[in-house]
file data31.cif (mmCIF, C-alpha atoms and all ligand atoms)
data_model
loop_
_atom_site.label_atom_id
_atom_site.label_comp_id
_atom_site.auth_asym_id
_atom_site.auth_seq_id
_atom_site.Cartn_x
_atom_site.Cartn_y
_atom_site.Cartn_z
CA MET A 284 -143.90 92.17 -22.04
CA PRO A 285 -143.68 92.58 -25.84
CA ALA A 286 -146.31 90.72 -27.91
CA PRO A 287 -144.99 87.43 -29.34
CA LYS A 288 -143.82 87.69 -32.95
CA PRO A 289 -146.29 86.18 -35.47
CA LEU A 290 -145.25 82.76 -36.77
CA VAL A 291 -144.21 83.00 -40.43
CA ILE A 292 -143.10 79.81 -42.19
CA ALA A 293 -141.34 79.94 -45.56
CA VAL A 294 -141.27 76.75 -47.63
CA ASP A 295 -139.20 76.73 -50.83
CA GLY A 296 -138.10 74.04 -53.21
CA PRO A 297 -138.12 72.76 -56.78
CA ALA A 298 -141.04 71.34 -58.77
CA ALA A 299 -142.75 68.27 -57.28
CA SER A 300 -140.47 68.22 -54.22
CA GLY A 301 -143.48 67.96 -51.91
CA LYS A 302 -143.28 71.59 -50.73
CA GLY A 303 -146.98 72.28 -51.41
CA THR A 304 -148.15 69.24 -49.43
CA ILE A 305 -145.79 70.12 -46.59
CA ALA A 306 -146.80 73.79 -46.56
CA ARG A 307 -150.53 72.90 -46.45
CA ALA A 308 -149.93 70.41 -43.63
CA LEU A 309 -147.86 72.94 -41.65
CA ALA A 310 -150.62 75.54 -42.08
CA LYS A 311 -153.17 73.07 -40.73
CA HIS A 312 -150.93 71.99 -37.85
CA PHE A 313 -150.15 75.54 -36.70
CA GLY A 314 -153.59 76.99 -37.58
CA LEU A 315 -152.20 79.50 -40.09
CA PRO A 316 -153.41 80.72 -43.49
CA HIS A 317 -151.47 79.34 -46.46
CA LEU A 318 -150.49 80.84 -49.81
CA ASP A 319 -149.20 78.67 -52.68
CA THR A 320 -147.35 81.45 -54.52
CA GLY A 321 -146.93 79.23 -57.60
CA THR A 322 -150.65 79.74 -58.29
CA LEU A 323 -150.00 83.47 -58.85
CA TYR A 324 -147.43 82.74 -61.58
CA ARG A 325 -149.66 80.01 -62.96
CA ALA A 326 -152.63 82.43 -63.08
CA VAL A 327 -150.56 84.92 -65.11
CA ALA A 328 -149.58 82.05 -67.44
CA LEU A 329 -153.21 80.89 -67.77
CA HIS A 330 -154.35 84.38 -68.66
CA LEU A 331 -151.70 84.59 -71.40
CA LEU A 332 -152.60 81.15 -72.70
CA ARG A 333 -156.35 81.84 -72.84
CA TRP A 334 -156.23 85.31 -74.24
CA GLY A 335 -153.36 84.75 -76.66
CA GLY A 336 -150.72 86.97 -75.01
CA ASP A 337 -147.14 86.20 -76.03
CA PRO A 338 -145.18 84.57 -73.17
CA GLU A 339 -141.98 85.75 -74.90
CA SER A 340 -142.99 89.34 -74.19
CA GLU A 341 -142.21 90.62 -70.70
CA PHE A 342 -144.70 93.48 -71.24
CA ALA A 343 -147.54 91.12 -72.22
CA ALA A 344 -146.78 89.06 -69.10
CA LEU A 345 -146.69 92.21 -66.97
CA ARG A 346 -150.08 93.29 -68.32
CA ALA A 347 -151.47 89.83 -67.50
CA CYS A 348 -150.54 90.33 -63.82
CA ASP A 349 -153.50 92.75 -63.54
CA GLU A 350 -155.92 90.17 -64.95
CA ILE A 351 -155.57 87.24 -62.58
CA ALA A 352 -158.53 87.88 -60.27
CA GLY A 353 -160.90 84.91 -60.37
CA LEU A 354 -158.33 82.45 -61.76
CA ALA A 355 -157.09 81.10 -58.39
CA ASP A 356 -159.39 78.05 -58.45
CA ASP A 357 -159.41 77.38 -62.18
CA PRO A 358 -158.82 73.64 -62.82
CA GLU A 359 -156.57 74.45 -65.82
CA LEU A 360 -154.07 76.14 -63.47
CA ARG A 361 -152.47 72.76 -62.71
CA SER A 362 -151.97 71.75 -66.36
CA GLU A 363 -148.46 71.10 -67.66
CA ALA A 364 -148.92 73.72 -70.39
CA VAL A 365 -149.66 76.37 -67.79
CA GLY A 366 -146.77 75.14 -65.58
CA GLY A 367 -144.35 75.47 -68.50
CA ILE A 368 -145.43 79.04 -69.30
CA ALA A 369 -145.40 79.91 -65.57
CA SER A 370 -141.80 78.78 -65.35
CA ARG A 371 -140.90 81.11 -68.27
CA ILE A 372 -142.79 84.24 -67.24
CA SER A 373 -141.63 83.92 -63.61
CA ALA A 374 -138.11 84.77 -64.83
CA TYR A 375 -139.23 88.32 -65.78
CA PRO A 376 -138.19 90.85 -63.12
CA MET A 377 -141.23 93.06 -63.85
CA VAL A 378 -143.60 90.14 -63.29
CA ARG A 379 -141.91 89.24 -60.00
CA GLN A 380 -142.10 92.88 -58.92
CA ALA A 381 -145.81 93.09 -59.83
CA LEU A 382 -146.61 90.03 -57.69
CA LEU A 383 -144.31 90.95 -54.79
CA GLN A 384 -146.55 93.19 -52.70
CA ARG A 385 -149.51 90.83 -52.42
CA GLN A 386 -147.18 88.02 -51.28
CA GLN A 387 -145.51 90.26 -48.71
CA ASN A 388 -148.90 91.49 -47.46
CA PHE A 389 -149.93 87.85 -47.00
CA ALA A 390 -146.71 87.07 -45.12
CA GLU A 391 -147.07 90.13 -42.88
CA GLN A 392 -150.67 89.60 -41.74
CA PRO A 393 -150.89 89.92 -37.95
CA GLY A 394 -151.66 86.27 -37.17
CA GLY A 395 -148.74 84.84 -39.16
CA ALA A 396 -148.78 82.70 -42.32
CA VAL A 397 -147.26 79.86 -44.32
CA LEU A 398 -146.11 80.56 -47.88
CA ASP A 399 -144.55 78.17 -50.37
CA GLY A 400 -142.67 78.91 -53.57
CA ARG A 401 -139.14 79.48 -54.83
CA ASP A 402 -138.05 82.73 -53.19
CA ILE A 403 -140.08 82.96 -49.99
CA GLY A 404 -137.13 82.61 -47.59
CA THR A 405 -134.80 84.72 -49.75
CA VAL A 406 -136.99 87.59 -51.05
CA ILE A 407 -140.63 87.57 -49.87
CA ALA A 408 -140.15 86.84 -46.16
CA PRO A 409 -136.42 86.98 -45.35
CA ASP A 410 -137.28 87.40 -41.64
CA ALA A 411 -139.56 84.34 -41.48
CA THR A 412 -139.51 82.47 -38.17
CA ALA A 413 -138.75 79.16 -39.85
CA LYS A 414 -137.53 78.42 -43.36
CA LEU A 415 -137.61 75.00 -44.98
CA PHE A 416 -135.96 74.08 -48.25
CA VAL A 417 -137.73 70.96 -49.46
CA THR A 418 -136.04 68.89 -52.10
CA ALA A 419 -135.89 65.39 -53.63
CA SER A 420 -133.95 63.79 -56.48
CA PRO A 421 -135.15 64.67 -60.01
CA GLU A 422 -136.08 60.99 -60.58
CA VAL A 423 -138.29 60.83 -57.49
CA ARG A 424 -139.89 64.16 -58.35
CA ALA A 425 -140.59 62.99 -61.92
CA GLU A 426 -142.29 59.86 -60.57
CA ARG A 427 -144.46 61.95 -58.24
CA ARG A 428 -145.41 64.36 -61.02
CA LEU A 429 -146.23 61.43 -63.31
CA ALA A 430 -148.48 59.89 -60.65
CA GLU A 431 -150.27 63.25 -60.26
CA LEU A 432 -150.82 63.49 -64.02
CA LEU A 433 -152.09 59.92 -64.33
CA ALA A 434 -154.42 60.45 -61.37
CA ARG A 435 -155.89 63.38 -63.26
CA GLY A 436 -156.53 61.12 -66.25
CA LEU A 437 -153.73 62.64 -68.36
CA HIS A 438 -151.28 60.63 -70.45
CA ALA A 439 -147.56 61.10 -69.89
CA HIS A 440 -144.28 59.18 -69.98
CA LEU A 441 -141.74 59.18 -67.18
CA ALA A 442 -138.86 60.08 -69.51
CA ASP A 443 -140.70 63.21 -70.79
CA VAL A 444 -141.70 64.27 -67.29
CA LEU A 445 -138.08 63.92 -66.13
CA ILE A 446 -136.84 66.06 -69.03
CA ASP A 447 -139.44 68.70 -68.12
CA ILE A 448 -138.48 68.64 -64.42
CA ARG A 449 -134.80 69.10 -65.29
CA ALA A 450 -135.60 71.97 -67.69
CA ARG A 451 -137.74 73.62 -65.01
CA ASP A 452 -134.94 73.24 -62.41
CA GLU A 453 -132.44 74.74 -64.83
CA ARG A 454 -134.64 77.78 -65.56
CA ASP A 455 -135.69 78.32 -61.94
CA SER A 456 -132.12 78.06 -60.60
CA HIS A 457 -130.30 80.08 -63.23
CA ARG A 458 -132.57 83.06 -63.85
CA SER A 459 -131.16 86.36 -62.63
CA ALA A 460 -134.35 87.51 -60.83
CA ALA A 461 -134.88 85.70 -57.52
CA PRO A 462 -133.50 82.31 -58.58
CA LEU A 463 -134.49 79.18 -56.71
CA ALA A 464 -131.90 78.97 -53.94
CA ARG A 465 -131.71 77.72 -50.40
CA ALA A 466 -131.55 80.66 -47.95
CA ASP A 467 -128.48 80.48 -45.68
CA ASP A 468 -130.73 79.91 -42.67
CA ALA A 469 -133.16 77.47 -44.31
CA LEU A 470 -133.44 73.94 -42.92
CA LEU A 471 -132.99 71.28 -45.58
CA LEU A 472 -135.62 68.57 -45.88
CA ASP A 473 -134.85 65.89 -48.50
CA THR A 474 -138.05 63.93 -49.12
CA SER A 475 -136.54 61.45 -51.67
CA ALA A 476 -136.91 58.50 -49.31
CA LEU A 477 -139.90 59.75 -47.30
CA ASP A 478 -143.58 59.10 -47.81
CA ARG A 479 -146.07 61.91 -47.34
CA ASP A 480 -146.75 61.36 -43.62
CA SER A 481 -143.06 60.99 -42.69
CA ALA A 482 -142.15 64.14 -44.65
CA VAL A 483 -144.90 66.12 -42.93
CA ALA A 484 -143.94 64.78 -39.48
CA GLN A 485 -140.32 65.75 -40.07
CA ALA A 486 -141.30 69.24 -41.27
CA VAL A 487 -143.42 69.79 -38.14
CA ARG A 488 -140.51 68.64 -35.95
CA LEU A 489 -138.06 70.99 -37.69
CA VAL A 490 -140.38 73.99 -37.33
CA GLU A 491 -141.18 73.19 -33.69
CA ARG A 492 -137.47 72.93 -32.92
CA LYS A 493 -136.87 76.31 -34.60
CA ILE A 494 -139.70 77.96 -32.64
CA LYS A 495 -138.29 76.57 -29.40
CA ALA A 496 -134.78 77.80 -30.24
CA GLU A 497 -136.17 81.27 -31.10
CA SER A 498 -137.97 81.52 -27.77
CA GLN A 499 -134.87 80.69 -25.69
CA PRO A 500 -133.05 83.75 -24.39
CA ALA A 501 -129.75 84.22 -26.24
O1 LIG A 601 -144.43 72.75 -58.29
P1 LIG A 601 -144.39 73.29 -59.68
O2 LIG A 601 -143.03 73.72 -60.11
O3 LIG A 601 -145.03 72.42 -60.70
O4 LIG A 601 -145.22 74.58 -59.79
P2 LIG A 601 -145.54 75.83 -58.90
O5 LIG A 601 -144.90 75.80 -57.56
O6 LIG A 601 -147.01 75.94 -58.98
O7 LIG A 601 -144.85 77.05 -59.70
C1 LIG A 601 -145.03 77.24 -61.09
C2 LIG A 601 -143.83 78.02 -61.62
O8 LIG A 601 -143.84 79.34 -61.05
C3 LIG A 601 -142.49 77.41 -61.25
O9 LIG A 601 -141.93 76.67 -62.31
C4 LIG A 601 -141.59 78.59 -60.92
O10 LIG A 601 -140.79 78.90 -62.02
C5 LIG A 601 -142.55 79.74 -60.69
N1 LIG A 601 -142.54 80.23 -59.30
C6 LIG A 601 -141.61 81.20 -58.96
O11 LIG A 601 -140.80 81.59 -59.78
N2 LIG A 601 -141.61 81.75 -57.72
C7 LIG A 601 -142.48 81.33 -56.79
N3 LIG A 601 -142.48 81.89 -55.58
C8 LIG A 601 -143.42 80.32 -57.11
C9 LIG A 601 -143.42 79.77 -58.38
#
call {"tool": "encode", "arguments": {"input": "data31.cif", "output": "structure tokens", "more": "lines below"}}
Ligand code: CDP
result
Amino acid sequence: MPAPKPLVIAVDGPAASGKGTIARALAKHFGLPHLDTGTLYRAVALHLLRWGGDPESEFAALRACDEIAGLADDPELRSEAVGGIASRISAYPMVRQALLQRQQNFAEQPGGAVLDGRDIGTVIAPDATAKLFVTASPEVRAERRLAELLARGLHAHLADVLIDIRARDERDSHRSAAPLARADDALLLDTSALDRDSAVAQAVRLVERKIKAESQPA
């Protein structure tokens, strides 16, 4: 009998849709390692910000891709400044190419994996066992992002956060390199009206259903 295929779960979606929370919970539920691929782009952005590289230069951003070791747990990674630069430099094809292999290696590890980002189901792991596209209305996402910022002791206004979320959506969806898009075979999970626990429970159900369907003989 052939060995069972490793379980690979791809979770994509826009900013503050809840994809990170869902991906972490799925990893815990299925006992899999998890990679938040946004931290890679954020680490490149943080390096540029700290060392004065120009985010307008694709070559400076490419060079920064070699300098991200040790930044994965830096508290400044989650700042809005870093998020804004990450959203810009992630549009550069050379940056995406430079970060591709380590994401694919993570997805292809023998025991399976959960990855979340913007292009996991479309580019990084197109053969993933289960793909979720997690979304929510821009207004709900802005409220969630605002709550996160306030909880971290930062000042922000809902109207500004909403403008930023819309700008981020626009850039992520309209760039030519690996734009944010729902893969044809991704299951849609709209979390606008769901609290954390209900969103996670629904994600687990969707993935379990997909695993069951995969294991049935055609
Ligand atoms: O959730 P949020 O948008 O705040 O941030 P994130 O997931 O940490 O990603 C930061 C930025 O990196 C996003 O704005 C995307 O533009 C980019 N990104 C990407 O292009 N591809 C990925 N696989 C992950 C993130």
call {"tool": "axis_aligned_box", "arguments": {"input": "data31.cif", "around": "ligand LIG 601 (chain A)", "padding_each_side": "6 Å", "output": "lines of an AutoDock Vina configuration file"}}
result
center_x = -143.9
center_y = 77.2
center_z = -58.9
size_x = 18.2
size_y = 21.5
size_z = 18.7
call {"tool": "residues_near_ligand", "arguments": {"input": "data31.cif", "ligand": "ligand LIG 601 (chain A)", "cutoff": "8 Å", "atoms": "only C-alpha atoms and all ligand atoms", "output": "PyMOL selection string"}}
result
chain A and resi 295+297-300+302-303+319-325+361+363+366-374+379+399-403+451-452+454-455+461-463
call {"tool": "atom_distance", "arguments": {"input": "data31.cif", "atom1": "CA of Glu497 (chain A)", "atom2": "CA of Ala293 (chain A)"}}
result
15.4 Å
call {"tool": "atom_distance", "arguments": {"input": "data31.cif", "atom1": "CA of Leu432 (chain A)", "atom2": "CA of Asp473 (chain A)"}}
result
22.4 Å
call {"tool": "closest_residue", "arguments": {"input": "data31.cif", "among": "A:Leu382, A:Ala430, A:Ala364, A:Ile446", "to": "Ala344 (chain A)", "atoms": "all atoms listed in the file"}}
result
A:Leu382
call {"tool": "atom_distance", "arguments": {"input": "data31.cif", "atom1": "CA of Lys414 (chain A)", "atom2": "CA of Met377 (chain A)"}}
result
25.5 Å
call {"tool": "closest_residue", "arguments": {"input": "data31.cif", "among": "A:Ala328, A:Ala347, A:Ala464, A:Ala411", "to": "Lys288 (chain A)", "atoms": "all atoms listed in the file"}}
result
A:Ala411
call {"tool": "residues_around", "arguments": {"input": "data31.cif", "residues": "Leu477 (chain A)", "least_positions_apart": "6", "cutoff": "12 Å", "atoms": "only C-alpha atoms", "output": "count of residues only"}}
result
13
call {"tool": "residues_around", "arguments": {"input": "data31.cif", "residues": "His438 (chain A)", "least_positions_apart": "4", "cutoff": "12 Å", "atoms": "all atoms listed in the file", "output": "ChimeraX atom specification"}}
result
/A:362-363,428-434,443-444
call {"tool": "residues_near_point", "arguments": {"input": "data31.cif", "point": "(-146.0, 84.7, -40.7)", "cutoff": "9 Å", "atoms": "only C-alpha atoms", "output": "NGL selection string"}}
result
:A and (288-293 or 315-316 or 389-398 or 408 or 411-412)
call {"tool": "residues_around", "arguments": {"input": "data31.cif", "residues": "Val487 (chain A)", "least_positions_apart": "2", "cutoff": "10 Å", "atoms": "only C-alpha atoms", "output": "list in words"}}
result
Ile305, Ala306, Ala308, Leu309, His312, Phe313, Ser481, Ala482, Val483, Ala484, Gln485, Leu489, Val490, Glu491, Arg492 and Lys493 of chain A
call {"tool": "closest_residue", "arguments": {"input": "data31.cif", "among": "A:Ile494, A:Gly353, A:Gly436, A:Thr304", "to": "Asp478 (chain A)", "atoms": "only C-alpha atoms"}}
result
A:Thr304
call {"tool": "closest_residue", "arguments": {"input": "data31.cif", "among": "A:Leu354, A:Leu329, A:Ala496, A:Leu472", "to": "Leu415 (chain A)", "atoms": "all atoms listed in the file"}}
result
A:Leu472
